[in-house]
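S.K.: The structure is given below, and queries will be raised subsequently.
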Amino acid sequence: MRRNLVIGNWKMNLDYVEAIHLVQQLGILHRSLGPDHTDVVVAPPFVDLRSVTSVIEADRLAIQVAAQHAHHRESGAYTGEVSVGMLKRLGVKYVIVGHSERRQGFAMTDDVVSATVDSVLASGMTPVVCCGESMEVREEGRAEEFVSAQIVSALGGVKPKHKGSVVIAYEPIWAIGSGQAADPDVVRAMLDVIRGATPGEIRDDTQILYGGSVTSENARELMVASNADGFLVGGASLRADEFVGIIAAVEDCYRK
Ligand code: PGA
């Protein structure tokens, strides 16, 4: 049985002082909720990682940390980049790979996404592989073909031993930050396509999340009707009460 998973992607928000404050608040609310079936992860900016992991260790919080991006090479002349080895050393457990904001704004190609997935897996961390189509692609009727090609490319190097070590997030670009989540039926259909495109060896054990304007208001309906294993949350993860509201809704929907 797959566990539920909720990841908060803080994007380029919160300096390290603000990040400490948020993870402390989140820790208190999370501890009182005490979810049994839902894993919780936060993805702060690089410069906050050490502070956030320190709070988690000191307060013994059952929260894991993700990085928002990594470079696929181990080291070298890549100004401004961070390697998976550096992240692992900081106690990071997950790395978001190929978020649409990286693909679009920083020219991250399918090949680089795939190389990064391989590098994250080789380090023993879990890649959170993002996929999703633009509105233009959807209107052309190519959404399923487009997303499944992204998955086939990203997971080309995955081996049977990586069972349970890959997470996929379906995030239609048109739903991200729009305030309007995708229709649960649209999500459900795409999650089936994504599971079908996932290599057979890891298919049943891969958690597939939805992301795009998830809130504590719509989380329950999206969970029930879309068959997702949880969410990748952007804006709504920046407030502890709102994020914990999403975690509570996800926990309630665990399919026992
Ligand atoms: P959003 O972002 O929840 O603010 O729409 C989701 C994401 O980009 O991961």
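Going through the structure tokens in order, the chains are called A, B, and so on, while each chain numbers its residues from 1 and the ligands are numbered from 1 in the order shown.
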Can you tell me, as number ranges by chain, which residues in segment 4-208 of chain A count as strand (DSSP E or B) by DSSP?
M.R.: A: 4-9, 38-43, 64-67, 71, 83, 94-97, 126-131, 167-170, 207-208
S.K.: Around ligand 1, at most 10 Å away and counting only C-alpha atoms and all ligand atoms, which residues are there? Put them as a PyMOL selection string, please.
M.R.: chain A and resi 7-11+43+68+96+99-101+130+169-181+210-215+231-238
S.K.: Segment 43-158 of chain A near segment 12-20 of chain A within 8 Å: what's each residue's closest atom pair and its distance in Å to one decimal, counting only C-alpha atoms, ordered by chain then ascending residue number, as a Markdown table?
M.R.:
```
| residue | atom | partner | partner_atom | distance |
| --- | --- | --- | --- | --- |
| A:Pro44 | CA | A:Ala19 | CA | 7.4 |
| A:Pro45 | CA | A:Met12 | CA | 6.1 |
| A:Val47 | CA | A:Tyr16 | CA | 6.8 |
| A:Asp48 | CA | A:Tyr16 | CA | 4.7 |
| A:Ser51 | CA | A:Ile20 | CA | 6.4 |
| A:Val52 | CA | A:Ile20 | CA | 5.8 |
| A:Val55 | CA | A:Ile20 | CA | 6.9 |
```
S.K.: May I ask for the distance between atom CA of Met223 of chain A and atom CA of His37 of chain A, given in Å to one decimal place?
M.R.: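 Straight-line distance from atom CA of Met223 of chain A to atom CA of His37 of chain A works out to 13.8 Å.
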S.K.: Between atom CA of Ala149 of chain A and atom CA of Asn218 of chain A, what is the distance in Å, rounded to a tenth?
M.R.: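 Between these atoms lies a distance of 28.8 Å.
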S.K.: Find the residues near Val97 of chain A: any atom within 7 Å, counting only C-alpha atoms, skip ones fewer than 5 places away on the same chain, and give them as a PDB file with all heavy atoms, in the first residue's frame.
M.R.:
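The new file selection18.pdb reads:
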```
ATOM      1  N   HIS A  69      15.773  21.824  -6.466  1.00  0.00           N
ATOM      2  CA  HIS A  69      16.492  21.616  -7.721  1.00  0.00           C
ATOM      3  C   HIS A  69      17.883  21.088  -7.360  1.00  0.00           C
ATOM      4  O   HIS A  69      18.326  21.241  -6.229  1.00  0.00           O
ATOM      5  CB  HIS A  69      16.622  22.970  -8.458  1.00  0.00           C
ATOM      6  CG  HIS A  69      17.521  22.942  -9.653  1.00  0.00           C
ATOM      7  ND1 HIS A  69      17.210  22.259 -10.803  1.00  0.00           N
ATOM      8  CD2 HIS A  69      18.738  23.528  -9.873  1.00  0.00           C
ATOM      9  CE1 HIS A  69      18.200  22.423 -11.684  1.00  0.00           C
ATOM     10  NE2 HIS A  69      19.129  23.188 -11.141  1.00  0.00           N
ATOM     11  N   VAL A 113      16.678  16.724 -17.212  1.00  0.00           N
ATOM     12  CA  VAL A 113      15.778  16.185 -16.181  1.00  0.00           C
ATOM     13  C   VAL A 113      16.142  14.720 -15.925  1.00  0.00           C
ATOM     14  O   VAL A 113      16.318  14.285 -14.780  1.00  0.00           O
ATOM     15  CB  VAL A 113      14.291  16.317 -16.605  1.00  0.00           C
ATOM     16  CG1 VAL A 113      13.378  15.525 -15.667  1.00  0.00           C
ATOM     17  CG2 VAL A 113      13.878  17.791 -16.628  1.00  0.00           C
ATOM     18  N   THR A 116      19.389  14.301 -14.122  1.00  0.00           N
ATOM     19  CA  THR A 116      19.264  14.713 -12.718  1.00  0.00           C
ATOM     20  C   THR A 116      18.552  13.632 -11.906  1.00  0.00           C
ATOM     21  O   THR A 116      18.943  13.328 -10.774  1.00  0.00           O
ATOM     22  CB  THR A 116      18.534  16.070 -12.615  1.00  0.00           C
ATOM     23  OG1 THR A 116      19.148  16.991 -13.517  1.00  0.00           O
ATOM     24  CG2 THR A 116      18.586  16.630 -11.209  1.00  0.00           C
ATOM     25  N   VAL A 117      17.513  13.030 -12.485  1.00  0.00           N
ATOM     26  CA  VAL A 117      16.815  11.922 -11.807  1.00  0.00           C
ATOM     27  C   VAL A 117      17.824  10.815 -11.497  1.00  0.00           C
ATOM     28  O   VAL A 117      17.882  10.305 -10.371  1.00  0.00           O
ATOM     29  CB  VAL A 117      15.658  11.382 -12.691  1.00  0.00           C
ATOM     30  CG1 VAL A 117      15.117  10.061 -12.143  1.00  0.00           C
ATOM     31  CG2 VAL A 117      14.532  12.413 -12.798  1.00  0.00           C
ATOM     32  N   PRO A 127      13.909  11.384  -6.115  1.00  0.00           N
ATOM     33  CA  PRO A 127      13.517  12.489  -6.996  1.00  0.00           C
ATOM     34  C   PRO A 127      11.993  12.657  -7.010  1.00  0.00           C
ATOM     35  O   PRO A 127      11.258  11.668  -6.969  1.00  0.00           O
ATOM     36  CB  PRO A 127      14.008  12.023  -8.378  1.00  0.00           C
ATOM     37  CG  PRO A 127      14.029  10.531  -8.303  1.00  0.00           C
ATOM     38  CD  PRO A 127      14.278  10.167  -6.858  1.00  0.00           C
ATOM     39  N   VAL A 128      11.556  13.912  -7.031  1.00  0.00           N
ATOM     40  CA  VAL A 128      10.136  14.225  -7.225  1.00  0.00           C
ATOM     41  C   VAL A 128      10.048  14.771  -8.649  1.00  0.00           C
ATOM     42  O   VAL A 128      10.371  15.935  -8.904  1.00  0.00           O
ATOM     43  CB  VAL A 128       9.650  15.274  -6.199  1.00  0.00           C
ATOM     44  CG1 VAL A 128       8.167  15.591  -6.405  1.00  0.00           C
ATOM     45  CG2 VAL A 128       9.921  14.801  -4.777  1.00  0.00           C
ATOM     46  N   VAL A 129       9.702  13.899  -9.553  1.00  0.00           N
ATOM     47  CA  VAL A 129       9.773  14.228 -10.979  1.00  0.00           C
ATOM     48  C   VAL A 129       8.503  14.980 -11.386  1.00  0.00           C
ATOM     49  O   VAL A 129       7.399  14.441 -11.280  1.00  0.00           O
ATOM     50  CB  VAL A 129       9.884  12.935 -11.824  1.00  0.00           C
ATOM     51  CG1 VAL A 129      10.023  13.276 -13.289  1.00  0.00           C
ATOM     52  CG2 VAL A 129      11.045  12.081 -11.344  1.00  0.00           C
ATOM     53  N   CYS A 130       8.680  16.222 -11.827  1.00  0.00           N
ATOM     54  CA  CYS A 130       7.513  17.026 -12.196  1.00  0.00           C
ATOM     55  C   CYS A 130       7.232  16.913 -13.688  1.00  0.00           C
ATOM     56  O   CYS A 130       8.151  16.901 -14.507  1.00  0.00           O
ATOM     57  CB  CYS A 130       7.742  18.490 -11.859  1.00  0.00           C
ATOM     58  SG  CYS A 130       7.939  18.772 -10.098  1.00  0.00           S
TER      59      CYS A 130
END
```
S.K.: What does the distance between atom CA of Asp111 of chain A and atom CA of Tyr94 of chain A come to in Å, to one decimal place?
M.R.: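 Value for the atom CA of Asp111 of chain A-atom CA of Tyr94 of chain A distance: 19.8 Å.
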S.K.: Using only C-alpha atoms, which of A:Ala219, A:Val23, A:Leu29, A:Met1 sits nearest Thr206 of chain A?
M.R.: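 Using only C-alpha atoms, the shortest distance to Thr206 of chain A belongs to A:Met1.
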S.K.: Give the helix (DSSP H, G or I) residues of segment 3-173 of chain A, as DSSP finds them on the backbone, and put them as a ChimeraX atom specification.
M.R.: /A:16-33,46-58,84-89,100-105,110-122,135-139,143-154,160-162
S.K.: I'd like the contact shell of Leu49 of chain A - 8 Å cut-off, only C-alpha atoms, skipping same-chain residues fewer than 6 positions apart - returned as a list in words.
M.R.: Val65, Ala67, Leu90 and Val92 of chain A
S.K.: Check the smallest atom-to-atom distance from each of A:Arg188, A:Lys88, A:Arg138, A:Arg203 to Pro160 of chain A using only C-alpha atoms, then report the winner.
M.R.: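 For Pro160 of chain A, the nearest of the given residues is A:Arg203.
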S.K.: Using only C-alpha atoms for the distances, tell me which of A:Ala189, A:Cys131, A:Met86, A:Val41 is nearest to Thr109 of chain A.
M.R.: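 Between A:Ala189, A:Cys131, A:Met86, A:Val41, the residue approaching Thr109 of chain A most closely is A:Cys131.
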